[in-house]
Every structure is written in C-alpha cells, then in structure tokens.
>>> print(open('run.txt').read())   # compact mmCIF, C-alpha atoms and all ligand atoms
# COMPACT_ATOMS: atom_id res chain seq x y z
CA MET A 119 100.58 69.30 -5.59
CA ALA A 120 98.81 72.41 -4.43
CA ASP A 121 95.05 72.44 -4.93
CA ARG A 122 95.09 74.98 -7.72
CA ARG A 123 91.79 74.82 -9.55
CA GLU A 124 89.03 77.34 -9.41
CA HIS A 125 85.93 76.77 -7.36
CA ARG A 126 83.78 78.85 -9.67
CA GLY A 127 80.52 77.17 -10.54
CA SER A 128 81.05 74.36 -8.05
CA GLY A 129 77.82 75.42 -6.32
CA ILE A 130 79.23 74.30 -2.97
CA THR A 131 77.21 75.66 -0.08
CA ALA A 132 77.72 72.98 2.58
CA HIS A 133 80.91 71.18 3.50
CA ILE A 134 80.99 67.65 2.08
CA PRO A 135 83.28 65.47 4.21
CA VAL A 136 86.19 64.05 2.25
CA LEU A 137 87.28 60.37 2.37
CA LEU A 138 84.55 59.85 4.96
CA ALA A 139 84.07 56.07 4.84
CA GLU A 140 87.82 55.55 4.46
CA SER A 141 88.71 57.64 7.51
CA ILE A 142 86.02 56.11 9.74
CA GLU A 143 87.19 52.65 8.70
CA ALA A 144 90.82 53.64 9.26
CA LEU A 145 90.01 54.80 12.79
CA ARG A 146 88.17 51.48 13.44
CA VAL A 147 85.50 53.40 15.33
CA LYS A 148 83.85 51.14 17.89
CA ARG A 149 80.84 51.60 20.16
CA GLY A 150 81.90 53.23 23.43
CA GLY A 151 85.39 54.02 22.09
CA SER A 152 86.82 57.46 22.70
CA TYR A 153 87.83 59.73 19.80
CA ILE A 154 89.06 63.23 19.03
CA ASP A 155 88.22 65.14 15.87
CA CYS A 156 90.83 67.91 15.84
CA THR A 157 89.16 69.75 12.94
CA VAL A 158 85.42 69.49 13.44
CA GLY A 159 84.56 72.02 10.67
CA GLY A 160 81.09 71.30 9.28
CA GLY A 161 80.78 68.26 11.55
CA GLY A 162 80.65 65.61 8.81
CA HIS A 163 83.34 63.27 10.14
CA ALA A 164 82.23 64.00 13.69
CA GLN A 165 78.70 62.88 12.88
CA ALA A 166 79.96 59.63 11.36
CA ILE A 167 82.07 58.88 14.46
CA LEU A 168 79.08 59.56 16.71
CA GLU A 169 76.77 57.44 14.53
CA ALA A 170 79.25 54.58 14.80
CA GLY A 171 78.85 54.78 18.59
CA GLY A 172 82.02 56.66 19.52
CA ARG A 173 82.39 59.24 22.28
CA LEU A 174 83.84 62.37 20.77
CA VAL A 175 85.77 65.50 21.64
CA GLY A 176 85.70 67.91 18.70
CA LEU A 177 88.02 70.90 18.33
CA ASP A 178 88.03 73.76 15.89
CA ALA A 179 89.94 77.03 15.97
CA ASP A 180 87.03 78.76 14.24
CA PRO A 181 84.16 79.74 16.57
CA GLN A 182 81.77 79.77 13.58
CA ALA A 183 82.62 76.13 12.85
CA ILE A 184 81.96 75.17 16.46
CA LYS A 185 78.61 76.95 16.35
CA ALA A 186 77.65 75.18 13.11
CA ALA A 187 78.74 71.81 14.54
CA GLN A 188 76.74 72.45 17.73
CA GLY A 189 73.63 72.91 15.60
CA LYS A 190 74.28 69.93 13.35
CA LEU A 191 75.20 67.52 16.16
CA LYS A 192 72.75 68.73 18.81
CA ASN A 193 70.92 65.40 19.00
CA PHE A 194 74.00 63.43 19.98
CA GLY A 195 75.12 62.88 23.56
CA ARG A 196 78.72 61.69 24.07
CA LEU A 197 80.01 64.89 22.44
CA THR A 198 82.16 67.74 23.75
CA LEU A 199 82.95 70.62 21.39
CA VAL A 200 85.83 72.96 22.16
CA ASN A 201 86.76 76.16 20.31
CA GLU A 202 90.53 75.72 20.42
CA ASN A 203 93.51 75.28 18.16
CA PHE A 204 94.77 71.68 17.95
CA GLY A 205 98.20 73.11 18.76
CA HIS A 206 96.76 73.11 22.33
CA LEU A 207 95.39 69.57 22.13
CA ALA A 208 97.22 68.34 25.24
CA ASP A 209 95.88 71.23 27.37
CA VAL A 210 92.33 70.70 26.10
CA CYS A 211 92.48 67.02 26.99
CA LYS A 212 93.99 67.78 30.38
CA SER A 213 91.14 70.18 31.15
CA LEU A 214 88.68 67.43 30.19
CA ASN A 215 90.52 64.76 32.23
CA LEU A 216 91.12 62.81 29.07
CA SER A 217 94.48 61.06 29.08
CA ILE A 218 94.03 58.33 26.49
CA VAL A 219 91.88 57.87 23.38
CA ASP A 220 91.25 55.21 20.73
CA GLY A 221 91.48 57.39 17.66
CA ILE A 222 92.30 60.90 16.48
CA LEU A 223 91.38 62.56 13.20
CA PHE A 224 92.87 65.62 11.51
CA ASP A 225 91.10 66.83 8.35
CA LEU A 226 93.37 69.74 7.53
CA GLY A 227 92.95 73.12 5.91
CA MET A 228 89.70 75.00 5.53
CA SER A 229 86.08 73.98 5.10
CA SER A 230 83.74 74.92 2.27
CA LEU A 231 81.88 77.04 4.83
CA GLN A 232 85.00 79.13 5.39
CA LEU A 233 85.69 79.34 1.69
CA GLU A 234 82.14 80.14 0.59
CA VAL A 235 80.28 81.93 3.36
CA SER A 236 82.65 83.11 6.09
CA GLY A 237 83.25 86.52 4.48
CA ARG A 238 86.92 86.33 5.55
CA GLY A 239 88.66 86.43 2.21
CA PHE A 240 89.71 82.76 1.89
CA SER A 241 88.54 82.60 -1.73
CA PHE A 242 90.05 84.37 -4.72
CA MET A 243 86.59 84.12 -6.29
CA ARG A 244 85.07 86.57 -3.80
CA ASP A 245 85.68 90.18 -2.89
CA GLU A 246 85.86 90.17 0.90
CA PRO A 247 88.10 91.69 3.58
CA LEU A 248 91.52 90.03 3.30
CA ASP A 249 91.52 88.32 6.68
CA MET A 250 92.02 84.50 6.41
CA ARG A 251 92.28 83.94 10.16
CA PHE A 252 90.65 80.73 11.36
CA SER A 253 90.11 82.43 14.72
CA PRO A 254 89.40 86.11 15.47
CA GLN A 255 91.73 85.69 18.50
CA GLN A 256 94.73 85.57 16.15
CA SER A 257 96.36 88.94 15.69
CA VAL A 258 97.81 88.85 12.15
CA THR A 259 95.58 88.92 9.05
CA ALA A 260 96.49 88.27 5.42
CA ALA A 261 96.11 92.02 4.77
CA ASP A 262 98.70 92.71 7.50
CA ILE A 263 101.17 90.42 5.73
CA VAL A 264 100.68 91.72 2.17
CA ASN A 265 100.82 95.33 3.34
CA SER A 266 103.82 95.11 5.68
CA TYR A 267 106.29 92.44 4.48
CA SER A 268 109.34 93.37 2.42
CA VAL A 269 109.38 92.17 -1.17
CA ASP A 270 111.98 89.52 -0.25
CA ASP A 271 109.94 88.17 2.64
CA LEU A 272 106.76 88.13 0.58
CA ALA A 273 108.49 86.31 -2.29
CA LYS A 274 109.93 83.76 0.18
CA LEU A 275 106.55 83.17 1.80
CA ILE A 276 104.72 82.75 -1.52
CA GLY A 277 107.47 80.50 -2.91
CA LYS A 278 107.67 78.31 0.19
CA TYR A 279 104.01 77.89 1.14
CA GLY A 280 102.49 78.34 -2.31
CA GLU A 281 104.79 75.66 -3.80
CA GLY A 282 104.89 77.57 -7.07
CA SER A 283 107.15 79.61 -9.27
CA ARG A 284 107.10 83.34 -10.09
CA SER A 285 106.81 84.29 -6.45
CA ARG A 286 109.17 87.26 -6.91
CA THR A 287 107.07 88.70 -9.77
CA ILE A 288 103.94 88.31 -7.66
CA ALA A 289 105.60 89.91 -4.62
CA ALA A 290 106.80 92.87 -6.73
CA HIS A 291 103.28 93.46 -8.08
CA ILE A 292 101.84 93.29 -4.59
CA MET A 293 104.37 95.89 -3.41
CA ARG A 294 103.43 98.23 -6.25
CA ASN A 295 99.71 98.01 -5.51
CA ARG A 296 99.63 98.45 -1.75
CA PRO A 297 97.52 98.91 0.25
CA ILE A 298 95.51 95.78 -0.55
CA THR A 299 92.45 95.27 1.58
CA THR A 300 90.26 92.69 -0.17
CA SER A 301 90.59 89.19 -1.60
CA GLY A 302 89.22 90.39 -4.95
CA GLN A 303 91.89 93.07 -5.19
CA LEU A 304 94.67 90.61 -4.40
CA ALA A 305 93.36 88.00 -6.86
CA GLU A 306 93.31 90.61 -9.61
CA ILE A 307 96.82 91.88 -8.85
CA VAL A 308 98.25 88.34 -8.93
CA ALA A 309 96.37 87.54 -12.15
CA ARG A 310 97.81 90.69 -13.74
CA ALA A 311 101.30 89.78 -12.49
CA VAL A 312 101.47 86.26 -13.91
CA GLY A 313 98.66 86.11 -16.47
CA ARG A 314 95.92 83.56 -16.75
CA ARG A 315 96.56 80.11 -18.20
CA GLY A 316 94.22 77.13 -18.22
CA ARG A 317 91.67 76.28 -15.58
CA ILE A 318 93.85 77.01 -12.60
CA HIS A 319 93.40 80.47 -11.15
CA PRO A 320 96.81 82.16 -10.96
CA ALA A 321 96.15 83.40 -7.40
CA THR A 322 95.59 79.89 -5.98
CA GLN A 323 99.17 79.47 -4.74
CA THR A 324 99.35 82.96 -3.26
CA PHE A 325 96.10 82.42 -1.36
CA GLN A 326 97.30 79.04 -0.10
CA ALA A 327 100.59 80.58 1.04
CA LEU A 328 98.92 83.43 2.91
CA ARG A 329 96.43 81.11 4.64
CA ILE A 330 99.22 78.80 5.79
CA ALA A 331 101.23 81.76 7.12
CA VAL A 332 98.33 83.58 8.79
CA ASN A 333 97.28 80.42 10.65
CA ASN A 334 100.78 79.12 11.30
CA GLU A 335 99.47 75.87 9.91
CA LEU A 336 102.63 73.78 9.67
CA ASP A 337 103.85 74.60 13.19
CA ASN A 338 100.45 73.82 14.65
CA LEU A 339 100.37 70.56 12.72
CA LYS A 340 103.77 69.55 14.08
CA ILE A 341 102.73 70.31 17.66
CA GLY A 342 99.24 68.81 17.26
CA LEU A 343 100.53 65.55 15.76
CA ALA A 344 103.12 65.08 18.51
CA GLN A 345 100.51 65.64 21.23
CA ALA A 346 98.01 63.38 19.44
CA ILE A 347 100.50 60.50 19.31
CA ASP A 348 101.06 60.89 23.07
CA LEU A 349 97.32 60.63 23.69
CA LEU A 350 96.72 57.46 21.68
CA ALA A 351 96.03 54.20 23.46
CA GLN A 352 97.98 51.12 22.40
CA ARG A 353 96.59 50.07 18.97
CA GLY A 354 94.84 53.46 18.79
CA ARG A 355 94.79 54.99 15.32
CA ILE A 356 95.67 58.43 14.01
CA ALA A 357 94.26 59.50 10.63
CA VAL A 358 95.32 62.66 8.80
CA ILE A 359 93.70 64.03 5.64
CA SER A 360 95.80 66.66 3.88
CA PHE A 361 95.15 68.74 0.77
CA HIS A 362 98.53 69.83 -0.51
CA SER A 363 101.97 68.32 -0.79
CA LEU A 364 103.53 70.47 1.94
CA GLU A 365 101.11 69.09 4.52
CA ASP A 366 101.21 65.57 3.17
CA GLY A 367 105.02 65.55 3.06
CA PHE A 368 105.11 66.77 6.63
CA VAL A 369 102.71 64.07 7.88
CA LYS A 370 104.60 61.40 5.91
CA GLU A 371 107.90 62.43 7.48
CA ILE A 372 106.54 62.50 11.04
CA PHE A 373 104.90 59.08 10.58
CA ARG A 374 108.12 57.74 9.03
CA LYS A 375 110.24 58.95 11.95
CA GLU A 376 107.78 57.76 14.58
CA SER A 377 107.60 54.30 12.99
CA SER A 378 111.36 53.84 12.42
CA GLU A 379 113.67 51.71 14.55
CA CYS A 380 116.55 54.01 13.69
CA ILE A 381 116.58 57.75 13.07
CA CYS A 382 120.36 58.16 12.93
CA PRO A 383 121.55 60.60 10.23
CA ALA A 384 122.10 58.99 6.82
CA GLY A 385 125.56 57.45 6.56
CA THR A 386 125.89 56.64 10.30
CA PRO A 387 127.72 53.25 10.16
CA VAL A 388 126.12 51.73 13.28
CA CYS A 389 122.85 52.75 14.87
CA ILE A 390 123.43 54.84 17.98
CA CYS A 391 119.99 56.41 18.43
CA ASN A 392 118.18 53.58 20.25
CA HIS A 393 114.99 55.02 18.84
CA GLU A 394 111.83 53.24 19.92
CA PRO A 395 109.07 53.42 17.32
CA ARG A 396 105.77 54.66 18.69
CA LEU A 397 103.76 54.11 15.51
CA LYS A 398 103.24 51.42 12.91
CA LEU A 399 102.08 52.45 9.42
CA THR A 400 98.88 50.72 8.34
CA ARG A 401 99.96 51.11 4.70
CA ARG A 402 102.80 52.83 2.92
CA LYS A 403 100.84 54.78 0.34
CA PRO A 404 98.20 57.35 1.27
CA VAL A 405 94.53 56.63 0.54
CA GLN A 406 93.18 58.82 -2.28
CA PRO A 407 89.60 59.59 -3.26
CA THR A 408 87.96 57.44 -5.93
CA SER A 409 87.05 59.02 -9.26
CA GLU A 410 83.43 58.78 -8.12
CA GLU A 411 84.14 60.86 -5.01
CA ILE A 412 86.04 63.43 -7.07
CA ALA A 413 83.12 63.68 -9.50
CA ASN A 414 80.68 64.22 -6.59
CA ASN A 415 82.97 66.55 -4.68
CA PRO A 416 85.72 68.19 -6.77
CA ARG A 417 87.26 69.63 -3.61
CA SER A 418 88.34 66.10 -2.65
CA ARG A 419 90.65 65.68 -5.66
CA SER A 420 93.88 66.60 -3.87
CA ALA A 421 93.06 64.77 -0.60
CA ARG A 422 95.49 62.22 0.84
CA LEU A 423 94.69 60.15 3.93
CA ARG A 424 97.57 58.76 5.98
CA VAL A 425 96.96 56.41 8.89
CA ALA A 426 99.17 55.00 11.62
CA GLU A 427 98.65 52.85 14.70
CA LYS A 428 100.21 53.27 18.13
CA VAL A 429 102.44 50.37 19.12
C1 LIG B 1 88.57 70.58 6.13
S1 LIG B 1 87.75 71.35 7.45
C2 LIG B 1 87.14 70.00 8.40
C3 LIG B 1 85.84 69.45 7.89
C4 LIG B 1 85.21 68.40 8.75
N1 LIG B 1 86.03 67.22 8.84
C5 LIG B 1 83.83 68.04 8.24
O1 LIG B 1 83.60 66.88 7.91
O2 LIG B 1 82.98 68.91 8.17
C6 LIG B 1 89.07 71.91 8.43
C7 LIG B 1 88.66 72.63 9.71
O3 LIG B 1 89.81 72.61 10.55
C8 LIG B 1 89.89 73.82 11.23
N2 LIG B 1 91.31 74.00 11.57
C9 LIG B 1 92.35 74.16 10.73
N3 LIG B 1 93.50 74.27 11.43
C10 LIG B 1 93.16 74.13 12.74
C11 LIG B 1 93.91 74.14 13.94
N4 LIG B 1 95.25 74.28 13.96
N5 LIG B 1 93.26 73.93 15.11
C12 LIG B 1 91.90 73.75 15.11
N6 LIG B 1 91.14 73.78 14.00
C13 LIG B 1 91.77 73.95 12.83
C14 LIG B 1 89.36 74.85 10.26
O4 LIG B 1 88.89 75.97 10.98
C15 LIG B 1 88.25 74.07 9.54
O5 LIG B 1 87.01 74.30 10.15
>>> encode(input="run.txt", output="structure tokens")
Amino acid sequence: MADRREHRGSGITAHIPVLLAESIEALRVKRGGSYIDCTVGGGGHAQAILEAGGRLVGLDADPQAIKAAQGKLKNFGRLTLVNENFGHLADVCKSLNLSIVDGILFDLGMSSLQLEVSGRGFSFMRDEPLDMRFSPQQSVTAADIVNSYSVDDLAKLIGKYGEGSRSRTIAAHIMRNRPITTSGQLAEIVARAVGRRGRIHPATQTFQALRIAVNNELDNLKIGLAQAIDLLAQRGRIAVISFHSLEDGFVKEIFRKESSECICPAGTPVCICNHEPRLKLTRRKPVQPTSEEIANNPRSRSARLRVAEKV
C-alpha cells in the first residue's frame, strides 16, 4: 500500500532511522567488515554500522544529505561518503577500488529532512517550489512534468506510480489549473479534484507518483540492486527497506528471480534455463516494524525489510 497518511502534527524534525536494529542484525555487521549504505540520508543506519565496527561507503544522490551525514558522522574513521546515485554503484566502487563487500543496505525513498526542511516541494503539507529532485544535477522537476505532460500521460503516471484510482480526474484538474509552480498549489488542486475523505490526504498518491517519476526511482532501483548483488561477497547480505508496494513488489520479484533454480516462463514443461541462483532468501516474508516502533515513528508504518544472502 502507498504511504498515504498526512504528516501534519507529526513534529518530525530529524530523520529517525526505520527498522534500525532489524537491518543491522540482518546485515550481520561485524568488526572490520566492509559495507555500503546506498541511501545514507540522515546517517542513522550508517552510524549504527560504524558503531558495530564496520567500514562503510555511504552514497546519497542528495548533496544536502551528504553534507548532513558528514557532520553527524565526523568522528568516525572507516567512512567514505559519496554524493552519487546508487544507479552508479558499480562505478563508485570501481573508483574506490572496492570489488567485494560484506553487506549492502538500501533504505529507499526520501528522508524526513527532505520532506520537512529541504524546501523542494516533497510535502503536500508545505507550500514550496514544486521540485522533488533528489539531486540538483537532474534536469526534470515535478513542475516540469505537471506543466508539460498531456492529460493521458499525466493520468498514466499518477495511476501507475501513485497506485490509486481517479488518476484521470486528477490529471484533468491539473491541466485546467496550469501553470502549477508550488507544492501547496498542487495539493489544493488535487484535493479539489477528488475531495477529502478520512485521515489520508488526497494528494498523497499524486505526490508519490511525481517523486518516483522525477527521480526515476524504479529504474535506479533495478540497476542498483543488480550491481549490489554483483558486489556482494559469498554469504554477504543485501537488505532493502521499502515504503510502498511498488518498491516492495519490485524487490520481492528480483530476490525471487535471483534465488530461483529455474526462471523458465510458466508452463515450460522441462527446465531449459540452467539458471544459477545467486541469492538465498533469509526469510520469505518481509520484516515489518513493531507497533512500538510505529507509535514512536509513524513514518515507519509502511516499511518492509527484505533480506537475501549471496550464495
Ligand atoms: C529513507 S532516506 C535514508 C535514511 C537513512 N537510512 C537514515 O538512517 O538516515 C533515503 C535517502 O536515499 C536517498 N536516495 C533515494 N534514491 C536514491 C538513489 N537512487 N541514489 C542515491 N540516493 C538515493 C534520498 O536522497 C534520501 O536521502
């Protein structure tokens, strides 16, 4: 399910790492082991890996996140921070002469810092320029999309990445109210288009869809996961925390394929693929936050952690 509830009144000002103990345990972080955090964000998981004695390379596409992590983690040695998209993970590792690691973490999506204080229009609760780029190097903003796509393309994008209904009504309202330059404007237009019901803000799905499109999130995830699996040492672990069903379904499917002995199309009478599994699942079901974690950090409620081990 998409993470659809409002953040109003949550009082979040710092990013609280989600499923922290569970992901560090899943990675089996050991002293002197070598790890990559592909989504360093506020540095919470990175700090835990470093405290457990790991050597760490941390990536983030957002230069502000890297700056914040540099400040937070300044007292640790054994740390290299790189402002890069994890879609370029292999190149980053090559440039660092790193060919094999013991564990890799992806904690997907955006941080509370981006949502609350970046000023880049990630939140429908704020009136900010409608940007939503993780990195200023990217050329297309959310405003570019809402102001230039055809109604059909907008409806498709909102339906596909927002995982919701009424995408055509929303797209038609957007068309009628162009140009749209701020997050507040867009949130209001979507709310007028579909009406408000319950605790879930009606613009949640549209904002999710735009963020995924602006940052090409699913393509980068596909590339990043493939490169991460290549980099893992034997018995090395990969841990992925996702926040909506599109991401989680994607991770589940890649892990399923990579851990299967046969990937022949359904109905093939005899296996002809000779597929060699590269991963073993540590458990079938994803790890979910406890009710205690959700109470302490409502943002964690939609989190799912999937873990696999290199064979
Ligand atoms: C949920 S936050 C990570 C929080 C972090 N684990 C912590 O404990 O503070 C996700 C971060 O991943 C970054 N990110 C998302 N997609 C990325 C990508 N393709 N490449 C690099 N960083 C990405 C975002 O900029 C954001 O800072």
>>> closest_atom_pairs(input="run.txt", of="range 340-409 of chain A", to="range 150-169 of chain A", cutoff="12 Å", atoms="all atoms listed in the file", output="tab-separated table")
residue	atom	partner	partner_atom	distance
A:Gly342	CA	A:Cys156	CA	8.6
A:Leu343	CA	A:Cys156	CA	10.0
A:Gln345	CA	A:Cys156	CA	11.3
A:Ala346	CA	A:Ile154	CA	9.0
A:Ile347	CA	A:Ile154	CA	11.8
A:Leu349	CA	A:Ile154	CA	9.8
A:Leu350	CA	A:Tyr153	CA	9.4
A:Ala351	CA	A:Ser152	CA	9.8
A:Gly354	CA	A:Tyr153	CA	9.5
A:Arg355	CA	A:Tyr153	CA	9.5
A:Ile356	CA	A:Ile154	CA	9.6
A:Ala357	CA	A:Asp155	CA	9.8
A:Val358	CA	A:Cys156	CA	9.9
A:Ile359	CA	A:Thr157	CA	10.3
A:Ser360	CA	A:Thr157	CA	11.6
>>> write_last_selection(input="run.txt", atoms="C-alpha atoms", output="PDB file, keeping the file's coordinate frame")
ATOM      1  CA  GLY A 342      99.240  68.810  17.260  1.00  0.00           C
ATOM      2  CA  LEU A 343     100.530  65.550  15.760  1.00  0.00           C
ATOM      3  CA  GLN A 345     100.510  65.640  21.230  1.00  0.00           C
ATOM      4  CA  ALA A 346      98.010  63.380  19.440  1.00  0.00           C
ATOM      5  CA  ILE A 347     100.500  60.500  19.310  1.00  0.00           C
ATOM      6  CA  LEU A 349      97.320  60.630  23.690  1.00  0.00           C
ATOM      7  CA  LEU A 350      96.720  57.460  21.680  1.00  0.00           C
ATOM      8  CA  ALA A 351      96.030  54.200  23.460  1.00  0.00           C
ATOM      9  CA  GLY A 354      94.840  53.460  18.790  1.00  0.00           C
ATOM     10  CA  ARG A 355      94.790  54.990  15.320  1.00  0.00           C
ATOM     11  CA  ILE A 356      95.670  58.430  14.010  1.00  0.00           C
ATOM     12  CA  ALA A 357      94.260  59.500  10.630  1.00  0.00           C
ATOM     13  CA  VAL A 358      95.320  62.660   8.800  1.00  0.00           C
ATOM     14  CA  ILE A 359      93.700  64.030   5.640  1.00  0.00           C
ATOM     15  CA  SER A 360      95.800  66.660   3.880  1.00  0.00           C
TER      16      SER A 360
END
>>> atom_distance(input="run.txt", atom1="CA of Ile134 in chain A", atom2="CA of Asp225 in chain A")
11.9 Å
>>> closest_residue(input="run.txt", among="A:Arg173, A:Lys278, A:Lys340, A:Lys185", to="His206 in chain A", atoms="only C-alpha atoms")
A:Lys340
>>> closest_residue(input="run.txt", among="A:Ser285, A:Thr386, A:Thr400, A:Thr259", to="Ile330 in chain A", atoms="only C-alpha atoms")
A:Thr259
>>> residues_around(input="run.txt", residues="Val264 in chain A", least_positions_apart="5", cutoff="10 Å", atoms="all atoms listed in the file", output="mmCIF file with C-alpha atoms, keeping the file's coordinate frame")
data_model
loop_
_atom_site.group_PDB
_atom_site.id
_atom_site.type_symbol
_atom_site.label_atom_id
_atom_site.label_comp_id
_atom_site.auth_asym_id
_atom_site.auth_seq_id
_atom_site.Cartn_x
_atom_site.Cartn_y
_atom_site.Cartn_z
ATOM 1 C CA LEU A 248 91.520 90.030 3.300
ATOM 2 C CA THR A 259 95.580 88.920 9.050
ATOM 3 C CA VAL A 269 109.380 92.170 -1.170
ATOM 4 C CA ASP A 271 109.940 88.170 2.640
ATOM 5 C CA LEU A 272 106.760 88.130 0.580
ATOM 6 C CA ALA A 289 105.600 89.910 -4.620
ATOM 7 C CA ILE A 292 101.840 93.290 -4.590
ATOM 8 C CA MET A 293 104.370 95.890 -3.410
ATOM 9 C CA ASN A 295 99.710 98.010 -5.510
ATOM 10 C CA ARG A 296 99.630 98.450 -1.750
ATOM 11 C CA PRO A 297 97.520 98.910 0.250
ATOM 12 C CA ILE A 298 95.510 95.780 -0.550
ATOM 13 C CA THR A 299 92.450 95.270 1.580
ATOM 14 C CA LEU A 304 94.670 90.610 -4.400
ATOM 15 C CA LEU A 328 98.920 83.430 2.910
#
>>> closest_residue(input="run.txt", among="A:Asp366, A:Cys389, A:Ala179, A:Asn265", to="Gly205 in chain A", atoms="only C-alpha atoms")
A:Ala179
>>> atom_distance(input="run.txt", atom1="CA of Arg396 in chain A", atom2="CA of Ile381 in chain A")
12.6 Å
>>> residues_around(input="run.txt", residues="His291 in chain A", least_positions_apart="6", cutoff="9 Å", atoms="all atoms listed in the file", output="PyMOL selection string")
chain A and resi 307-308+310-311
>>> residues_around(input="run.txt", residues="Arg196 in chain A", least_positions_apart="2", cutoff="7 Å", atoms="only C-alpha atoms", output="VMD selection string")
chain A and resid 173 to 174 194 198
>>> closest_residue(input="run.txt", among="A:Leu207, A:Ala321, A:Val388, A:Leu339", to="Val175 in chain A", atoms="all atoms listed in the file")
A:Leu207
>>> closest_residue(input="run.txt", among="A:Val332, A:Val147, A:Met228, A:Ala421", to="Ala170 in chain A", atoms="all atoms listed in the file")
A:Val147
>>> residues_near_point(input="run.txt", point="(112.2, 52.7, 18.9)", cutoff="9 Å", atoms="all atoms listed in the file", output="list in words")
Glu376, Ser377, Ser378, Glu379, Cys380, Ile381, Cys391, Asn392, His393, Glu394, Pro395 and Arg396 of chain A
>>> write_last_selection(input="run.txt", atoms="C-alpha atoms", output="mmCIF file, in the frame of the given file")
data_model
loop_
_atom_site.group_PDB
_atom_site.id
_atom_site.type_symbol
_atom_site.label_atom_id
_atom_site.label_comp_id
_atom_site.auth_asym_id
_atom_site.auth_seq_id
_atom_site.Cartn_x
_atom_site.Cartn_y
_atom_site.Cartn_z
ATOM 1 C CA GLU A 376 107.780 57.760 14.580
ATOM 2 C CA SER A 377 107.600 54.300 12.990
ATOM 3 C CA SER A 378 111.360 53.840 12.420
ATOM 4 C CA GLU A 379 113.670 51.710 14.550
ATOM 5 C CA CYS A 380 116.550 54.010 13.690
ATOM 6 C CA ILE A 381 116.580 57.750 13.070
ATOM 7 C CA CYS A 391 119.990 56.410 18.430
ATOM 8 C CA ASN A 392 118.180 53.580 20.250
ATOM 9 C CA HIS A 393 114.990 55.020 18.840
ATOM 10 C CA GLU A 394 111.830 53.240 19.920
ATOM 11 C CA PRO A 395 109.070 53.420 17.320
ATOM 12 C CA ARG A 396 105.770 54.660 18.690
#
>>> atom_distance(input="run.txt", atom1="CA of Ile288 in chain A", atom2="CA of Asp245 in chain A")
19.0 Å
>>> decode(input="run.txt", residues="range 160-173 of chain A", atoms="N, CA and C atoms", output="PDB file, in the first residue's frame")
ATOM      1  N   GLY A 160      19.941  10.761   6.553  1.00  0.00           N
ATOM      2  CA  GLY A 160      20.332  11.428   7.800  1.00  0.00           C
ATOM      3  C   GLY A 160      21.448  10.715   8.540  1.00  0.00           C
ATOM      4  N   GLY A 161      21.933   9.594   8.010  1.00  0.00           N
ATOM      5  CA  GLY A 161      23.095   8.919   8.589  1.00  0.00           C
ATOM      6  C   GLY A 161      22.782   7.977   9.746  1.00  0.00           C
ATOM      7  N   GLY A 162      21.514   7.689   9.997  1.00  0.00           N
ATOM      8  CA  GLY A 162      21.150   6.838  11.133  1.00  0.00           C
ATOM      9  C   GLY A 162      21.642   5.405  10.996  1.00  0.00           C
ATOM     10  N   HIS A 163      21.341   4.762   9.860  1.00  0.00           N
ATOM     11  CA  HIS A 163      21.813   3.385   9.666  1.00  0.00           C
ATOM     12  C   HIS A 163      23.334   3.362   9.535  1.00  0.00           C
ATOM     13  N   ALA A 164      23.862   4.390   8.866  1.00  0.00           N
ATOM     14  CA  ALA A 164      25.317   4.465   8.684  1.00  0.00           C
ATOM     15  C   ALA A 164      26.016   4.497  10.044  1.00  0.00           C
ATOM     16  N   GLN A 165      25.491   5.298  10.940  1.00  0.00           N
ATOM     17  CA  GLN A 165      26.095   5.403  12.280  1.00  0.00           C
ATOM     18  C   GLN A 165      26.082   4.040  12.978  1.00  0.00           C
ATOM     19  N   ALA A 166      24.963   3.325  12.872  1.00  0.00           N
ATOM     20  CA  ALA A 166      24.865   2.028  13.541  1.00  0.00           C
ATOM     21  C   ALA A 166      25.870   1.031  12.947  1.00  0.00           C
ATOM     22  N   ILE A 167      26.073   1.080  11.646  1.00  0.00           N
ATOM     23  CA  ILE A 167      27.053   0.176  11.011  1.00  0.00           C
ATOM     24  C   ILE A 167      28.462   0.510  11.503  1.00  0.00           C
ATOM     25  N   LEU A 168      28.744   1.815  11.581  1.00  0.00           N
ATOM     26  CA  LEU A 168      30.070   2.243  12.038  1.00  0.00           C
ATOM     27  C   LEU A 168      30.269   1.874  13.517  1.00  0.00           C
ATOM     28  N   GLU A 169      29.226   2.063  14.320  1.00  0.00           N
ATOM     29  CA  GLU A 169      29.343   1.731  15.750  1.00  0.00           C
ATOM     30  C   GLU A 169      29.554   0.231  15.963  1.00  0.00           C
ATOM     31  N   ALA A 170      29.022  -0.561  15.025  1.00  0.00           N
ATOM     32  CA  ALA A 170      29.215  -2.013  15.147  1.00  0.00           C
ATOM     33  C   ALA A 170      30.591  -2.433  14.615  1.00  0.00           C
ATOM     34  N   GLY A 171      31.400  -1.465  14.175  1.00  0.00           N
ATOM     35  CA  GLY A 171      32.776  -1.764  13.780  1.00  0.00           C
ATOM     36  C   GLY A 171      32.986  -1.950  12.294  1.00  0.00           C
ATOM     37  N   GLY A 172      31.945  -1.695  11.485  1.00  0.00           N
ATOM     38  CA  GLY A 172      32.096  -1.870  10.046  1.00  0.00           C
ATOM     39  C   GLY A 172      32.843  -0.722   9.386  1.00  0.00           C
ATOM     40  N   ARG A 173      33.444  -1.029   8.226  1.00  0.00           N
ATOM     41  CA  ARG A 173      33.978   0.030   7.356  1.00  0.00           C
ATOM     42  C   ARG A 173      32.870   0.335   6.365  1.00  0.00           C
TER      43      ARG A 173
END
